[in-house]
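J.: protein-v5.cif is the file, holding mmCIF, C-alpha atoms:
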data_input
loop_
_atom_site.label_atom_id
_atom_site.label_comp_id
_atom_site.auth_asym_id
_atom_site.auth_seq_id
_atom_site.Cartn_x
_atom_site.Cartn_y
_atom_site.Cartn_z
CA MET A 71 53.07 8.31 -3.89
CA GLY A 72 56.66 7.38 -4.63
CA PHE A 73 59.37 9.28 -6.45
CA CYS A 74 57.43 9.75 -9.70
CA GLY A 75 54.40 10.97 -7.83
CA GLY A 76 56.46 13.50 -5.89
CA VAL A 77 57.99 14.83 -9.08
CA LEU A 78 54.57 15.26 -10.70
CA ILE A 79 53.27 17.08 -7.65
CA ILE A 80 56.25 19.49 -7.66
CA LEU A 81 55.78 20.21 -11.37
CA SER A 82 52.05 20.78 -10.87
CA TYR A 83 52.64 23.28 -8.05
CA ALA A 84 55.25 25.07 -10.15
CA LEU A 85 52.77 25.31 -13.03
CA ILE A 86 50.14 26.70 -10.68
CA VAL A 87 52.53 29.40 -9.45
CA VAL A 88 53.57 30.36 -12.97
CA THR A 89 49.98 30.70 -14.21
CA LEU A 90 48.71 32.73 -11.25
CA PRO A 91 46.09 34.14 -10.91
CA LEU A 92 44.40 32.24 -13.74
CA SER A 93 45.19 28.91 -12.13
CA LEU A 94 43.08 29.80 -9.08
CA CYS A 95 39.94 29.26 -11.15
CA LEU A 96 40.90 25.59 -11.49
CA CYS A 97 42.48 25.08 -8.09
CA ILE A 98 39.77 26.44 -5.79
CA LYS A 99 36.56 24.47 -5.45
CA VAL A 100 33.42 24.99 -3.36
CA VAL A 101 31.00 22.47 -1.91
CA ALA A 102 27.66 23.27 -0.26
CA GLU A 103 26.77 22.70 3.38
CA TYR A 104 25.02 19.40 2.55
CA GLU A 105 27.87 18.08 0.36
CA ARG A 106 31.29 16.58 0.92
CA ALA A 107 34.12 16.14 -1.57
CA VAL A 108 36.25 13.00 -1.67
CA ILE A 109 39.57 13.82 -3.39
CA PHE A 110 41.72 11.21 -5.11
CA ARG A 111 45.29 12.34 -5.81
CA LEU A 112 47.06 9.99 -8.16
CA GLY A 113 44.46 7.37 -7.29
CA ARG A 114 44.82 7.69 -3.51
CA ILE A 115 42.46 9.37 -1.08
CA LEU A 116 43.97 12.43 0.57
CA GLU A 117 44.57 12.30 4.31
CA GLY A 118 41.87 13.93 6.39
CA GLY A 119 38.95 12.29 4.63
CA ALA A 120 36.26 14.22 2.80
CA LYS A 121 36.57 17.98 2.34
CA GLY A 122 33.90 20.57 2.97
CA PRO A 123 31.75 22.39 3.36
CA GLY A 124 33.18 25.60 1.90
CA LEU A 125 36.40 26.24 -0.04
CA PHE A 126 39.24 23.79 -0.56
CA PHE A 127 42.29 23.56 -2.78
CA ILE A 128 43.07 20.93 -5.43
CA VAL A 129 45.84 20.31 -7.91
CA PRO A 130 44.51 20.31 -11.48
CA CYS A 131 45.24 17.22 -13.59
CA MET A 132 46.34 15.40 -10.41
CA ASP A 133 43.19 15.33 -8.32
CA ILE A 134 39.83 13.73 -9.06
CA ILE A 135 36.83 14.97 -7.09
CA ARG A 136 33.79 12.89 -6.16
CA LYS A 137 30.99 14.89 -4.53
CA VAL A 138 28.67 13.10 -2.12
CA ASP A 139 25.24 14.43 -1.08
CA LEU A 140 24.55 14.01 2.64
CA ARG A 141 20.86 14.84 2.48
CA THR A 142 18.20 12.19 3.03
CA VAL A 143 17.23 10.63 -0.29
CA THR A 144 13.72 9.25 -0.81
CA PHE A 145 12.55 7.06 -3.69
CA ASP A 146 9.78 4.61 -4.52
CA VAL A 147 10.46 0.92 -4.91
CA PRO A 148 8.78 -0.37 -8.09
CA PRO A 149 5.92 -2.83 -7.51
CA GLN A 150 7.32 -6.23 -6.60
CA GLU A 151 5.56 -9.53 -7.23
CA VAL A 152 5.90 -11.30 -3.88
CA LEU A 153 4.92 -14.89 -3.09
CA THR A 154 3.68 -14.96 0.49
CA LYS A 155 4.14 -17.77 2.96
CA ASP A 156 0.68 -19.16 2.16
CA SER A 157 1.46 -19.23 -1.61
CA VAL A 158 -0.45 -16.09 -2.60
CA THR A 159 1.04 -13.72 -5.18
CA VAL A 160 0.66 -10.02 -4.33
CA ALA A 161 2.10 -6.84 -5.81
CA VAL A 162 3.75 -4.68 -3.15
CA ASP A 163 5.57 -1.38 -3.45
CA ALA A 164 7.41 0.60 -0.79
CA VAL A 165 9.05 3.93 -0.06
CA VAL A 166 12.73 4.01 0.92
CA TYR A 167 14.73 6.77 2.54
CA TYR A 168 18.45 6.68 3.24
CA ARG A 169 21.30 9.01 4.11
CA ILE A 170 25.07 8.71 3.66
CA TYR A 171 26.99 9.22 6.89
CA ASN A 172 30.50 8.35 5.71
CA PRO A 173 31.28 9.78 2.24
CA VAL A 174 34.65 8.03 1.96
CA ILE A 175 33.18 4.57 2.53
CA ALA A 176 30.25 5.34 0.21
CA VAL A 177 32.69 6.18 -2.60
CA THR A 178 35.44 3.59 -2.05
CA ASN A 179 33.45 0.52 -0.92
CA VAL A 180 30.43 0.76 -3.26
CA GLU A 181 30.51 1.37 -6.99
CA ASP A 182 27.13 3.14 -7.07
CA ALA A 183 25.61 3.70 -3.62
CA ASP A 184 22.25 4.93 -4.92
CA ARG A 185 21.72 2.04 -7.35
CA SER A 186 22.90 -0.49 -4.77
CA THR A 187 20.46 0.89 -2.20
CA ARG A 188 17.58 0.60 -4.65
CA LEU A 189 18.42 -3.03 -5.46
CA LEU A 190 18.88 -3.86 -1.79
CA ALA A 191 15.52 -2.29 -0.92
CA ALA A 192 13.67 -4.36 -3.52
CA THR A 193 15.42 -7.54 -2.36
CA THR A 194 14.73 -6.83 1.32
CA LEU A 195 11.07 -6.16 0.57
CA ARG A 196 10.66 -9.52 -1.16
CA ASN A 197 12.61 -11.43 1.48
CA VAL A 198 10.70 -9.99 4.45
CA LEU A 199 7.23 -10.33 2.94
CA GLY A 200 8.01 -13.83 1.72
CA THR A 201 8.03 -14.98 5.35
CA LYS A 202 4.56 -13.54 6.11
CA ASN A 203 1.05 -14.77 5.38
CA LEU A 204 -1.36 -12.64 3.38
CA SER A 205 -3.47 -11.94 6.46
CA GLU A 206 -0.37 -10.77 8.34
CA ILE A 207 0.66 -8.47 5.49
CA LEU A 208 -2.78 -6.86 5.40
CA SER A 209 -3.35 -6.58 9.15
CA GLU A 210 0.18 -6.06 10.52
CA ARG A 211 1.58 -3.50 8.13
CA GLU A 212 2.82 -1.26 10.93
CA SER A 213 4.76 -4.03 12.69
CA ILE A 214 6.29 -5.20 9.41
CA SER A 215 7.29 -1.63 8.57
CA ASN A 216 8.94 -1.34 11.99
CA MET A 217 10.79 -4.57 11.24
CA MET A 218 12.13 -3.13 7.98
CA GLN A 219 13.04 0.26 9.44
CA ALA A 220 16.49 -1.11 10.14
CA SER A 221 16.97 -0.92 6.37
CA ALA A 222 15.12 2.44 6.16
CA GLN A 223 12.19 0.98 4.30
CA GLU A 224 8.43 1.24 4.87
CA PHE A 225 5.27 -0.10 3.29
CA LYS A 226 3.56 2.08 0.75
CA ASP A 227 0.86 -0.07 -0.83
CA VAL A 228 -0.26 -3.65 -1.31
CA ARG A 229 -2.11 -4.60 -4.49
CA LEU A 230 -3.91 -7.91 -4.87
CA PRO A 231 -4.99 -9.63 -8.09
CA VAL A 232 -8.60 -8.97 -9.10
CA GLN A 233 -9.64 -12.61 -8.74
CA LEU A 234 -8.11 -12.77 -5.26
CA GLN A 235 -9.87 -9.55 -4.29
CA ARG A 236 -13.21 -11.03 -5.37
CA ALA A 237 -12.52 -14.26 -3.50
CA MET A 238 -11.55 -12.34 -0.35
CA ALA A 239 -14.64 -10.12 -0.68
CA ALA A 240 -16.87 -13.19 -0.99
CA GLU A 241 -15.17 -14.76 2.02
CA ALA A 242 -15.58 -11.58 4.07
CA GLU A 243 -19.25 -11.29 3.06
CA ALA A 244 -19.89 -14.90 4.04
CA ALA A 245 -18.17 -14.31 7.37
CA ARG A 246 -20.30 -11.19 7.97
CA GLU A 247 -23.49 -13.08 7.12
CA ALA A 248 -22.51 -15.88 9.49
CA ARG A 249 -21.84 -13.40 12.29
CA ALA A 250 -25.17 -11.67 11.57
CA LYS A 251 -27.03 -14.98 11.82
CA VAL A 252 -25.29 -15.80 15.08
CA ILE A 253 -26.17 -12.37 16.49
CA ALA A 254 -29.78 -12.72 15.32
CA ALA A 255 -30.04 -16.18 16.89
CA GLU A 256 -28.61 -14.86 20.17
CA GLY A 257 -31.15 -12.00 20.04
CA GLU A 258 -34.02 -14.44 19.47
CA GLN A 259 -32.80 -16.55 22.36
CA LYS A 260 -32.68 -13.57 24.72
CA ALA A 261 -36.09 -12.34 23.49
CA SER A 262 -37.66 -15.76 24.09
CA ARG A 263 -36.26 -15.84 27.62
CA ALA A 264 -37.65 -12.36 28.27
CA LEU A 265 -41.06 -13.39 26.93
CA LYS A 266 -41.05 -16.48 29.11
CA GLU A 267 -40.25 -14.39 32.17
CA ALA A 268 -43.01 -11.93 31.24
CA ALA A 269 -45.49 -14.80 30.80
CA ASP A 270 -44.55 -16.16 34.23
CA VAL A 271 -45.13 -12.74 35.78
CA ILE A 272 -48.54 -12.38 34.07
CA ASN A 273 -49.53 -15.89 35.09
CA GLU A 274 -49.00 -15.05 38.74
CA SER A 275 -51.77 -12.40 38.76
CA PRO A 276 -55.24 -12.90 37.20
CA PHE A 277 -55.61 -9.18 36.50
CA ALA A 278 -52.21 -8.77 34.83
CA LEU A 279 -53.50 -10.14 31.51
CA GLN A 280 -56.42 -7.68 31.50
CA LEU A 281 -54.08 -4.76 32.22
CA ARG A 282 -51.85 -5.88 29.39
CA TYR A 283 -54.85 -6.09 27.11
CA LEU A 284 -55.89 -2.52 27.98
CA GLN A 285 -52.37 -1.29 27.43
CA THR A 286 -52.26 -2.92 24.00
CA LEU A 287 -55.58 -1.30 23.06
CA ASN A 288 -54.23 2.07 24.14
CA THR A 289 -51.15 1.62 21.99
CA ILE A 290 -53.14 0.52 18.92
CA SER A 291 -55.67 3.31 19.26
CA ALA A 292 -52.90 5.91 19.19
CA GLU A 293 -51.70 4.67 15.78
CA LYS A 294 -54.79 3.22 14.03
CA ASN A 295 -58.03 4.55 15.48
CA SER A 296 -60.23 2.37 13.25
CA THR A 297 -58.72 -0.91 14.43
CA ILE A 298 -60.07 -2.65 17.52
CA ILE A 299 -58.82 -6.02 18.70
CA PHE A 300 -60.95 -8.34 20.84
CA PRO A 301 -59.02 -11.16 22.42
CA LEU A 302 -60.65 -14.57 22.25
CA PRO A 303 -59.70 -17.06 24.91
CA LEU A 304 -58.25 -20.28 23.57
CA GLU A 305 -60.37 -22.31 25.97
CA ILE A 306 -63.50 -21.45 23.97
CA LEU A 307 -61.92 -22.65 20.74
CA SER A 308 -60.63 -25.80 22.37
CA ASN A 309 -64.22 -26.82 23.24
CA PHE A 310 -65.20 -26.62 19.58
CA MET A 311 -62.05 -28.34 18.36
CA HIS A 312 -62.50 -31.38 20.62
CA ARG A 313 -66.29 -31.77 20.07
CA PRO A 314 -67.11 -35.18 18.54
CA PRO A 315 -68.75 -35.15 15.10
#
Could you write out this file's structure as structure tokens?

T.:
Amino acid sequence: MGFCGGVLIILSYALIVVTLPLSLCLCIKVVAEYERAVIFRLGRILEGGAKGPGLFFIVPCMDIIRKVDLRTVTFDVPPQEVLTKDSVTVAVDAVVYYRIYNPVIAVTNVEDADRSTRLLAATTLRNVLGTKNLSEILSERESISNMMQASAQEFKDVRLPVQLQRAMAAEAEAAREARAKVIAAEGEQKASRALKEAADVINESPFALQLRYLQTLNTISAEKNSTIIFPLPLEILSNFMHRPP
């Protein structure tokens, strides 16, 4: 502190002794368990680093105290307009949590640690999502959140423009209809193969068709008693169809 600093310190201690015990109200400070106090004496940090928790002694008019909260701080990142890798604009917000581990560095190296963290979170969110496609953002939110956990940041919500939502809904509906048609076609194909196999089995036995006919009558009579079906062989109709005029 130099000669002048030493003189000021000696005069301050002398003033404290003269004004005892009233000076104790200004000299004794208390910080909570979750706080630390960084003390600047004549512009220099005192040896030993941050003080606390509990009681500590300062020199009035010579010391400046900066309290630092060591608890985990959580805040919401305002919605950010992000341009994805496939040139789609989406609004994304996030939740950020951080904790100060070194109070001295947080006070001396950064002007405002809280404000700097908020700006860094918004910038990191835009930079990371700018390298992802829209489909990756919507389907791989957990992996992207794990990627950003190094900066203590996680996804909270992704909002899409209304027109894009309608376009994506139409695309999803068209994809579902296409899959439904494919499934229906596969079902028809399997049903036709089963019918062909059943026809081959019936064709092998002359009485199988009659048994099937009786079974069909039994099924119909259980539901509609007034309906009776008489099968007509196609051979009889073919004789009439091919008869010359």

J.: Going by the chain IDs and residue numbers used in this file, which residues fall under the PyMOL selection byres ((chain A and resi 155) around 10)? Write them as a list in words.

T.: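 Selection result, ordered by chain and number: Val152, Leu153, Thr154, Asp156, Ser157, Val158, Thr159, Leu199, Gly200, Thr201, Lys202, Asn203, Leu204 and Glu206 of chain A.
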
J.: With only C-alpha atoms as the counted atoms, please give the residues lying no more than 9 Å from A:Phe110, apart from itself and same-chain residues fewer than 6 positions off, as a PyMOL selection string.

T.: chain A and resi 116+132-136

J.: What would the list of residues within 8 Å of (13.0, -0.8, -10.7) (file frame) look like as a PyMOL selection string, if only C-alpha atoms are what count?

T.: chain A and resi 147-148+188-189

J.: Can you measure atom CA of A:Asn179 to atom CA of A:Cys97 for me? One decimal in Å is fine.

T.: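 Between atom CA of A:Asn179 and atom CA of A:Cys97 the gap is 27.1 Å.
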
J.: May I ask which of the residues A:Ala240, A:Ala176, A:Leu112, A:Glu117 is the closest one to A:Lys137, counting all atoms listed in the file?

T.: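 Among A:Ala240, A:Ala176, A:Leu112, A:Glu117, it is A:Ala176 that comes nearest to A:Lys137.
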
J.: Do a neighbour search on A:Leu195 at 9 Å with all atoms listed in the file, toss out local chain neighbours closer than 3 positions, and write the hits as an MDAnalysis selection string.

T.: chainID A and resid 147 150 152 162:164 190:192 198:200 218 223:225

J.: I'd like the interatomic distance between atom CA of A:Thr187 and atom CA of A:Tyr168, to a tenth of an Å.

T.: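 Going from atom CA of A:Thr187 over to atom CA of A:Tyr168, I get 8.2 Å.
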
J.: What separation in Å, quoted to one decimal, exists between atom CA of A:Ala102 and atom CA of A:Val166?

T.: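 Rounded to one decimal, the two atoms are 24.4 Å apart.
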
J.: Determine the nearest neighbour of A:Glu105 from the options A:Glu151, A:Leu140, A:Ala183, A:Arg211, counting all atoms listed in the file.

T.: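 Distance minimum relative to A:Glu105 lands on A:Leu140.
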
J.: For this file, the PyMOL selection byres ((chain A and resi 94) around 12) selects which residues, as a list in words?

T.: Tyr83, Leu85, Ile86, Val87, Val88, Thr89, Leu90, Pro91, Leu92, Ser93, Cys95, Leu96, Cys97, Ile98, Lys99, Leu125, Phe126, Phe127, Ile128, Val129 and Pro130 of chain A

J.: Taking all atoms of stretch 200-207 of chain A that the file lists, what box with edges along x, y and z, padded by 6 Å per side, do you get, with centre and edge lengths in Å to one decimal, as AutoDock Vina command-line options?

T.:
--center_x 2.3 --center_y -11.7 --center_z 5.0 --size_x 23.5 --size_y 18.5 --size_z 18.6

J.: Determine the nearest neighbour of A:Ile109 from the options A:Ile214, A:Ala244, A:Val138, A:Leu281, counting only C-alpha atoms.

T.: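 Checking each of A:Ile214, A:Ala244, A:Val138, A:Leu281 against A:Ile109, counting only C-alpha atoms, the winner is A:Val138.
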
J.: Which of these residues is nearest to A:Gly119, using all atoms listed in the file: A:Ile175, A:Val101, A:Ala255, A:Ile79?

T.: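 Answer, going by the shortest atom-to-atom distance: A:Ile175.
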
J.: For a quick check of understanding, using all atoms listed in the file, which of A:Arg169, A:Arg249, A:Arg114, A:Lys121 has the smallest distance to A:Val100?

T.: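 Going through A:Arg169, A:Arg249, A:Arg114, A:Lys121 one by one, the smallest distance to A:Val100 is for A:Lys121.
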
J.: Give me the result of the PyMOL selection byres ((chain A and resi 144) around 9) on this file, residue by residue, as a compact mmCIF listing (two decimals) with C-alpha atoms, in the frame of the given file.

T.:
# COMPACT_ATOMS: atom_id res chain seq x y z
CA THR A 142 18.20 12.19 3.03
CA VAL A 143 17.23 10.63 -0.29
CA PHE A 145 12.55 7.06 -3.69
CA ASP A 146 9.78 4.61 -4.52
CA VAL A 165 9.05 3.93 -0.06
CA VAL A 166 12.73 4.01 0.92
CA TYR A 167 14.73 6.77 2.54
CA TYR A 168 18.45 6.68 3.24
